[in-house]
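Structure file model.pdb; described as PDB, C-alpha atoms, pLDDT in the B column.
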ATOM      1  CA  MET A 371       0.528   4.525 -23.674  1.00 80.00           C
ATOM      2  CA  ALA A 372       2.817   6.059 -26.275  1.00 84.00           C
ATOM      3  CA  ALA A 373       2.170   3.174 -28.670  1.00 87.00           C
ATOM      4  CA  ALA A 374      -1.614   3.528 -28.409  1.00 86.00           C
ATOM      5  CA  PRO A 375      -2.393   7.129 -27.406  1.00 88.00           C
ATOM      6  CA  SER A 376      -6.137   6.756 -27.981  1.00 92.00           C
ATOM      7  CA  ALA A 377      -6.413   3.600 -25.845  1.00 92.00           C
ATOM      8  CA  GLN A 378      -7.156   3.567 -22.137  1.00 91.00           C
ATOM      9  CA  VAL A 379      -4.658   1.359 -20.320  1.00 91.00           C
ATOM     10  CA  LEU A 380      -6.034  -0.265 -17.170  1.00 93.00           C
ATOM     11  CA  SER A 381      -4.393  -2.393 -14.521  1.00 92.00           C
ATOM     12  CA  VAL A 382      -6.638  -4.906 -12.756  1.00 95.00           C
ATOM     13  CA  TYR A 383      -5.673  -6.105  -9.279  1.00 94.00           C
ATOM     14  CA  ALA A 384      -7.116  -9.541  -8.569  1.00 93.00           C
ATOM     15  CA  MET A 385      -6.421 -12.994  -7.196  1.00 91.00           C
ATOM     16  CA  THR A 386      -7.588 -16.407  -8.325  1.00 90.00           C
ATOM     17  CA  GLU A 387      -9.840 -16.494  -5.252  1.00 92.00           C
ATOM     18  CA  ALA A 388     -11.052 -12.896  -5.597  1.00 92.00           C
ATOM     19  CA  LEU A 389     -11.527 -11.477  -9.077  1.00 88.00           C
ATOM     20  CA  PRO A 390     -11.408  -8.474  -9.417  1.00 93.00           C
ATOM     21  CA  ILE A 391     -10.486  -6.305  -6.415  1.00 96.00           C
ATOM     22  CA  ALA A 392      -9.468  -2.907  -7.817  1.00 97.00           C
ATOM     23  CA  ILE A 393      -8.695  -1.191 -11.119  1.00 96.00           C
ATOM     24  CA  ALA A 394      -6.319   1.716 -11.811  1.00 96.00           C
ATOM     25  CA  THR A 395      -5.548   3.651 -14.972  1.00 94.00           C
ATOM     26  CA  ALA A 396      -1.980   3.806 -16.235  1.00 91.00           C
ATOM     27  CA  GLU A 397      -1.976   7.595 -15.778  1.00 92.00           C
ATOM     28  CA  ASP A 398      -2.980   7.255 -12.126  1.00 94.00           C
ATOM     29  CA  LYS A 399      -0.410   4.505 -11.518  1.00 90.00           C
ATOM     30  CA  LEU A 400       2.384   6.620 -12.960  1.00 88.00           C
ATOM     31  CA  ALA A 401       1.428   9.551 -10.742  1.00 90.00           C
ATOM     32  CA  VAL A 402       2.008   7.535  -7.557  1.00 88.00           C
ATOM     33  CA  THR A 403       5.696   7.335  -6.681  1.00 79.00           C
ATOM     34  CA  GLU A 404       5.555   5.670  -3.242  1.00 81.00           C
ATOM     35  CA  GLY A 405       4.375   2.145  -3.977  1.00 83.00           C
ATOM     36  CA  ASP A 406       2.281   0.634  -6.768  1.00 89.00           C
ATOM     37  CA  LEU A 407      -1.226   2.073  -7.077  1.00 92.00           C
ATOM     38  CA  LEU A 408      -3.858  -0.680  -7.264  1.00 96.00           C
ATOM     39  CA  GLY A 409      -6.881   1.626  -7.283  1.00 96.00           C
ATOM     40  CA  ALA A 410     -10.025   2.083  -5.225  1.00 96.00           C
ATOM     41  CA  PRO A 411     -11.792  -1.117  -4.126  1.00 96.00           C
ATOM     42  CA  LEU A 412     -14.574  -1.931  -6.592  1.00 96.00           C
ATOM     43  CA  PRO A 413     -18.224  -1.652  -5.453  1.00 95.00           C
ATOM     44  CA  GLY A 414     -19.112  -4.472  -3.072  1.00 95.00           C
ATOM     45  CA  VAL A 415     -15.488  -5.370  -2.370  1.00 96.00           C
ATOM     46  CA  GLY A 416     -14.647  -5.261   1.324  1.00 96.00           C
ATOM     47  CA  VAL A 417     -11.069  -4.454   2.312  1.00 96.00           C
ATOM     48  CA  ARG A 418      -9.364  -4.555   5.679  1.00 96.00           C
ATOM     49  CA  VAL A 419      -5.752  -3.625   6.346  1.00 96.00           C
ATOM     50  CA  ALA A 420      -4.389  -5.619   9.282  1.00 94.00           C
ATOM     51  CA  GLY A 421      -2.008  -4.207  11.859  1.00 90.00           C
ATOM     52  CA  ASP A 422       1.004  -5.520   9.952  1.00 87.00           C
ATOM     53  CA  GLY A 423      -0.238  -3.956   6.699  1.00 90.00           C
ATOM     54  CA  GLU A 424      -1.573  -7.132   5.089  1.00 93.00           C
ATOM     55  CA  LEU A 425      -4.665  -6.677   2.930  1.00 96.00           C
ATOM     56  CA  PHE A 426      -7.709  -8.870   3.589  1.00 97.00           C
ATOM     57  CA  VAL A 427     -10.606  -8.862   1.107  1.00 97.00           C
ATOM     58  CA  SER A 428     -14.226  -9.969   1.346  1.00 96.00           C
ATOM     59  CA  GLY A 429     -17.410  -9.688  -0.696  1.00 94.00           C
ATOM     60  CA  PRO A 430     -19.513 -11.444  -3.333  1.00 92.00           C
ATOM     61  CA  HIS A 431     -16.538 -11.754  -5.716  1.00 90.00           C
ATOM     62  CA  LEU A 432     -14.790 -14.083  -3.262  1.00 93.00           C
ATOM     63  CA  ALA A 433     -14.499 -17.775  -4.129  1.00 92.00           C
ATOM     64  CA  HIS A 434     -16.669 -20.067  -2.014  1.00 92.00           C
ATOM     65  CA  GLY A 435     -13.603 -21.747  -0.542  1.00 90.00           C
ATOM     66  CA  TYR A 436     -10.976 -24.429  -0.937  1.00 91.00           C
ATOM     67  CA  LEU A 437     -11.988 -28.044  -1.402  1.00 92.00           C
ATOM     68  CA  GLY A 438     -12.329 -29.729   1.985  1.00 93.00           C
ATOM     69  CA  HIS A 439     -12.105 -26.476   3.981  1.00 92.00           C
ATOM     70  CA  ASP A 440     -14.643 -24.159   5.583  1.00 92.00           C
ATOM     71  CA  PRO A 441     -16.200 -21.509   3.320  1.00 92.00           C
ATOM     72  CA  LEU A 442     -14.214 -18.309   2.891  1.00 91.00           C
ATOM     73  CA  THR A 443     -15.624 -15.134   4.384  1.00 94.00           C
ATOM     74  CA  GLU A 444     -12.398 -13.120   4.156  1.00 95.00           C
ATOM     75  CA  LEU A 445      -9.189 -13.781   2.260  1.00 94.00           C
ATOM     76  CA  PRO A 446      -5.645 -12.820   3.325  1.00 94.00           C
ATOM     77  CA  THR A 447      -3.904 -11.648   0.149  1.00 94.00           C
ATOM     78  CA  GLY A 448      -0.308 -11.788   1.356  1.00 90.00           C
ATOM     79  CA  ASP A 449       0.068  -8.254  -0.029  1.00 92.00           C
ATOM     80  CA  LEU A 450       1.151  -5.325   2.146  1.00 90.00           C
ATOM     81  CA  VAL A 451      -0.757  -2.143   1.338  1.00 94.00           C
ATOM     82  CA  ARG A 452      -1.637   1.308   2.536  1.00 93.00           C
ATOM     83  CA  LEU A 453      -4.735   3.384   1.827  1.00 95.00           C
ATOM     84  CA  ASP A 454      -3.985   6.800   0.340  1.00 94.00           C
ATOM     85  CA  ASP A 455      -5.925   9.989   1.078  1.00 93.00           C
ATOM     86  CA  GLN A 456      -8.402   9.099  -1.693  1.00 94.00           C
ATOM     87  CA  GLY A 457      -9.161   5.654  -0.243  1.00 94.00           C
ATOM     88  CA  ARG A 458      -7.164   3.887  -2.935  1.00 96.00           C
ATOM     89  CA  LEU A 459      -5.064   0.787  -2.300  1.00 97.00           C
ATOM     90  CA  VAL A 460      -1.315   1.219  -2.784  1.00 94.00           C
ATOM     91  CA  LEU A 461       0.798  -1.941  -2.879  1.00 91.00           C
ATOM     92  CA  LEU A 462       3.983  -1.820  -0.803  1.00 87.00           C
ATOM     93  CA  GLY A 463       5.161  -5.392  -1.331  1.00 83.00           C
ATOM     94  CA  ARG A 464       4.573  -9.014  -0.440  1.00 83.00           C
ATOM     95  CA  LYS A 465       4.348  -9.928   3.246  1.00 84.00           C
ATOM     96  CA  LYS A 466       6.791 -12.812   2.837  1.00 84.00           C
ATOM     97  CA  ASP A 467       9.309 -10.516   1.073  1.00 86.00           C
ATOM     98  CA  MET A 468       9.340  -7.791   3.733  1.00 86.00           C
ATOM     99  CA  ILE A 469      12.625  -7.291   5.549  1.00 88.00           C
ATOM    100  CA  LEU A 470      12.797  -6.041   9.141  1.00 85.00           C
ATOM    101  CA  ARG A 471      15.969  -4.222  10.172  1.00 87.00           C
ATOM    102  CA  ASP A 472      16.430  -1.980  13.217  1.00 86.00           C
ATOM    103  CA  GLY A 473      12.660  -1.997  13.700  1.00 82.00           C
ATOM    104  CA  VAL A 474      12.040  -0.638  10.196  1.00 85.00           C
ATOM    105  CA  ASN A 475       9.935  -2.496   7.610  1.00 85.00           C
ATOM    106  CA  ILE A 476      11.706  -2.620   4.237  1.00 90.00           C
ATOM    107  CA  TYR A 477       9.624  -3.358   1.135  1.00 88.00           C
ATOM    108  CA  PRO A 478      11.983  -4.492  -1.670  1.00 92.00           C
ATOM    109  CA  GLY A 479       9.389  -3.946  -4.389  1.00 86.00           C
ATOM    110  CA  LEU A 480       9.430  -0.195  -3.728  1.00 86.00           C
ATOM    111  CA  TYR A 481      13.081   0.099  -4.760  1.00 91.00           C
ATOM    112  CA  GLU A 482      13.960  -2.725  -7.155  1.00 92.00           C
ATOM    113  CA  PRO A 483      12.504  -1.208 -10.363  1.00 90.00           C
ATOM    114  CA  ALA A 484      14.396   2.074  -9.901  1.00 91.00           C
ATOM    115  CA  ILE A 485      17.660   0.233  -9.178  1.00 95.00           C
ATOM    116  CA  ALA A 486      17.177  -2.020 -12.228  1.00 94.00           C
ATOM    117  CA  ALA A 487      16.777   1.098 -14.395  1.00 93.00           C
ATOM    118  CA  LEU A 488      20.274   2.370 -13.512  1.00 94.00           C
ATOM    119  CA  PRO A 489      23.011   2.201 -16.172  1.00 94.00           C
ATOM    120  CA  GLY A 490      24.784  -1.154 -16.199  1.00 95.00           C
ATOM    121  CA  VAL A 491      22.084  -2.890 -14.123  1.00 96.00           C
ATOM    122  CA  SER A 492      19.834  -5.488 -15.733  1.00 95.00           C
ATOM    123  CA  GLU A 493      17.882  -6.862 -12.751  1.00 95.00           C
ATOM    124  CA  ALA A 494      17.799  -6.087  -9.040  1.00 96.00           C
ATOM    125  CA  ALA A 495      16.501  -7.945  -5.990  1.00 95.00           C
ATOM    126  CA  ILE A 496      16.762  -6.959  -2.336  1.00 95.00           C
ATOM    127  CA  VAL A 497      16.713  -9.797   0.205  1.00 94.00           C
ATOM    128  CA  GLY A 498      17.206 -10.110   3.934  1.00 91.00           C
ATOM    129  CA  LEU A 499      19.495 -12.615   5.620  1.00 91.00           C
ATOM    130  CA  ALA A 500      19.417 -13.418   9.303  1.00 85.00           C
ATOM    131  CA  ASP A 501      22.455 -11.902  11.004  1.00 79.00           C
ATOM    132  CA  GLN A 502      23.463 -14.275  13.789  1.00 74.00           C
ATOM    133  CA  GLU A 503      25.655 -11.675  15.504  1.00 76.00           C
ATOM    134  CA  THR A 504      23.068  -8.888  15.778  1.00 75.00           C
ATOM    135  CA  GLY A 505      19.862 -10.949  15.658  1.00 76.00           C
ATOM    136  CA  ASP A 506      18.684  -8.527  12.961  1.00 84.00           C
ATOM    137  CA  GLU A 507      18.559  -8.886   9.183  1.00 88.00           C
ATOM    138  CA  GLU A 508      21.383  -8.104   6.807  1.00 91.00           C
ATOM    139  CA  VAL A 509      20.090  -6.368   3.664  1.00 94.00           C
ATOM    140  CA  VAL A 510      21.681  -7.631   0.456  1.00 95.00           C
ATOM    141  CA  LEU A 511      21.198  -6.190  -3.023  1.00 97.00           C
ATOM    142  CA  ALA A 512      21.590  -8.887  -5.683  1.00 97.00           C
ATOM    143  CA  LEU A 513      22.140  -7.719  -9.260  1.00 96.00           C
ATOM    144  CA  THR A 514      22.634  -8.942 -12.768  1.00 96.00           C
ATOM    145  CA  THR A 515      24.665  -6.446 -14.754  1.00 96.00           C
ATOM    146  CA  THR A 516      25.329  -5.346 -18.317  1.00 94.00           C
ATOM    147  CA  ALA A 517      28.193  -3.544 -20.024  1.00 91.00           C
ATOM    148  CA  GLY A 518      29.097  -0.329 -18.249  1.00 90.00           C
ATOM    149  CA  TYR A 519      28.271  -1.511 -14.739  1.00 94.00           C
ATOM    150  CA  ASP A 520      30.163   0.543 -12.167  1.00 94.00           C
ATOM    151  CA  GLU A 521      29.645  -0.369  -8.507  1.00 94.00           C
ATOM    152  CA  ARG A 522      30.982   2.984  -7.308  1.00 95.00           C
ATOM    153  CA  ALA A 523      28.427   4.826  -9.472  1.00 95.00           C
ATOM    154  CA  LEU A 524      25.701   2.489  -8.236  1.00 96.00           C
ATOM    155  CA  ARG A 525      26.569   3.137  -4.596  1.00 95.00           C
ATOM    156  CA  GLY A 526      26.529   6.863  -5.306  1.00 96.00           C
ATOM    157  CA  ALA A 527      23.048   6.645  -6.859  1.00 96.00           C
ATOM    158  CA  LEU A 528      21.436   4.438  -4.187  1.00 96.00           C
ATOM    159  CA  PRO A 529      20.813   7.164  -1.548  1.00 95.00           C
ATOM    160  CA  GLY A 530      18.665   9.002  -4.087  1.00 93.00           C
ATOM    161  CA  LEU A 531      16.583   5.895  -4.801  1.00 92.00           C
ATOM    162  CA  VAL A 532      16.430   4.012  -1.509  1.00 92.00           C
ATOM    163  CA  ASP A 533      15.390   5.233   1.940  1.00 90.00           C
ATOM    164  CA  ALA A 534      18.340   5.409   4.325  1.00 92.00           C
ATOM    165  CA  ALA A 535      16.937   2.562   6.438  1.00 90.00           C
ATOM    166  CA  ALA A 536      16.809   0.295   3.364  1.00 92.00           C
ATOM    167  CA  LEU A 537      20.317   0.904   1.995  1.00 95.00           C
ATOM    168  CA  PRO A 538      22.006  -2.466   1.420  1.00 96.00           C
ATOM    169  CA  ASP A 539      24.754  -3.767   3.655  1.00 94.00           C
ATOM    170  CA  ARG A 540      26.226  -5.675   0.708  1.00 94.00           C
ATOM    171  CA  ILE A 541      25.935  -5.713  -3.085  1.00 96.00           C
ATOM    172  CA  VAL A 542      26.381  -9.044  -4.877  1.00 96.00           C
ATOM    173  CA  THR A 543      26.413  -9.565  -8.632  1.00 96.00           C
ATOM    174  CA  LEU A 544      25.083 -12.869  -9.961  1.00 96.00           C
ATOM    175  CA  PRO A 545      25.058 -14.358 -13.473  1.00 95.00           C
ATOM    176  CA  GLU A 546      21.250 -14.521 -13.226  1.00 95.00           C
ATOM    177  CA  LEU A 547      18.520 -14.040 -10.669  1.00 95.00           C
ATOM    178  CA  PRO A 548      16.707 -17.346 -10.053  1.00 92.00           C
ATOM    179  CA  ARG A 549      13.025 -17.440 -10.963  1.00 91.00           C
ATOM    180  CA  LYS A 550      10.214 -19.899 -10.348  1.00 87.00           C
ATOM    181  CA  GLY A 551       6.709 -20.843 -11.402  1.00 78.00           C
ATOM    182  CA  ARG A 552       4.646 -20.126 -14.467  1.00 75.00           C
ATOM    183  CA  SER A 553       4.658 -16.421 -13.677  1.00 74.00           C
ATOM    184  CA  ASP A 554       8.486 -16.379 -13.649  1.00 81.00           C
ATOM    185  CA  LYS A 555       8.597 -14.582 -10.288  1.00 85.00           C
ATOM    186  CA  LEU A 556      11.873 -13.982  -8.502  1.00 87.00           C
ATOM    187  CA  ASP A 557      12.789 -16.949  -6.317  1.00 90.00           C
ATOM    188  CA  ARG A 558      13.852 -14.974  -3.268  1.00 89.00           C
ATOM    189  CA  ALA A 559      14.660 -18.088  -1.239  1.00 88.00           C
ATOM    190  CA  ALA A 560      17.100 -19.208  -3.938  1.00 93.00           C
ATOM    191  CA  ILE A 561      18.570 -15.699  -4.141  1.00 94.00           C
ATOM    192  CA  ARG A 562      19.100 -15.697  -0.353  1.00 91.00           C
ATOM    193  CA  THR A 563      20.955 -19.019  -0.669  1.00 92.00           C
ATOM    194  CA  ARG A 564      23.187 -17.690  -3.444  1.00 94.00           C
ATOM    195  CA  VAL A 565      24.166 -14.498  -1.628  1.00 93.00           C
ATOM    196  CA  ALA A 566      24.701 -16.077   1.804  1.00 90.00           C
ATOM    197  CA  ARG A 567      28.271 -15.893   3.091  1.00 79.00           C
TER     198      ARG A 567
END
Rewrite the structure from the file as structure tokens, please.
Amino acid sequence: MAAAPSAQVLSVYAMTEALPIAIATAEDKLAVTEGDLLGAPLPGVGVRVAGDGELFVSGPHLAHGYLGHDPLTELPTGDLVRLDDQGRLVLLGRKKDMILRDGVNIYPGLYEPAIAALPGVSEAAIVGLADQETGDEEVVLALTTTAGYDERALRGALPGLVDAAALPDRIVTLPELPRKGRSDKLDRAAIRTRVAR
């Protein structure tokens, strides 16, 4: 926005099977601090938020279906969302990335960008590991660091960035965070393997 002050910056939320779903301006996205604003569903786009928070979409923008399968009438996105008081979709995280500890849903994507912006931190990923003793999930913060990293300072900053229920049980530094696919997404399964005891 600073580089092109006269341009309107838009973020389009879509999937290969459903293009597009919602659009948000950069200004609106920056104004939302709890989650990632996706925007209001576009005209004709049907949205349904399931009991677990997963977003399902329907409408004329939906692909006909997958080869050899029944036609699609509704698509599970795998994204966990909430609707704000203006009827806009706010992304909380990916369903497969959600961590459940002490009955509380933890959405890593809500916290990772703020942690990665701390001095001495390059990248951050929060993953859950099954705790055999408690039957719950251990929350582990995996980091790559830069010069000036100070774990004591990091631990002191975390309560201001992360809800109490999501504070990590352990912090592990790694040489790099594994990534996968063309989109270079974090490979959370590989991260879980690397931080396991």
CA of Pro483 in chain A to CA of Gly463 in chain A, distance in Å rounded to a single decimal: 12.4 Å
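CA of Val460 in chain A lies 12.9 Å from CA of Val382 in chain A.
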List the spatial neighbours of Asp422 in chain A as a VMD selection string - criterion: any atom at most 10 Å away, all atoms listed in the file, same-chain residues fewer than 6 positions off excluded. chain A and resid 450 to 451 465 475
For CA of Thr403 in chain A and CA of Leu425 in chain A, determine how far apart the two atoms are, in Å to one decimal place. 19.9 Å
Please provide the set of residues having any atom within 12 Å of Arg458 in chain A, restricted to only C-alpha atoms, with same-chain residues fewer than 2 positions apart removed, written as an MDAnalysis selection string. chainID A and resid 383 391:394 398:399 402 405:412 417 451:456 460:461
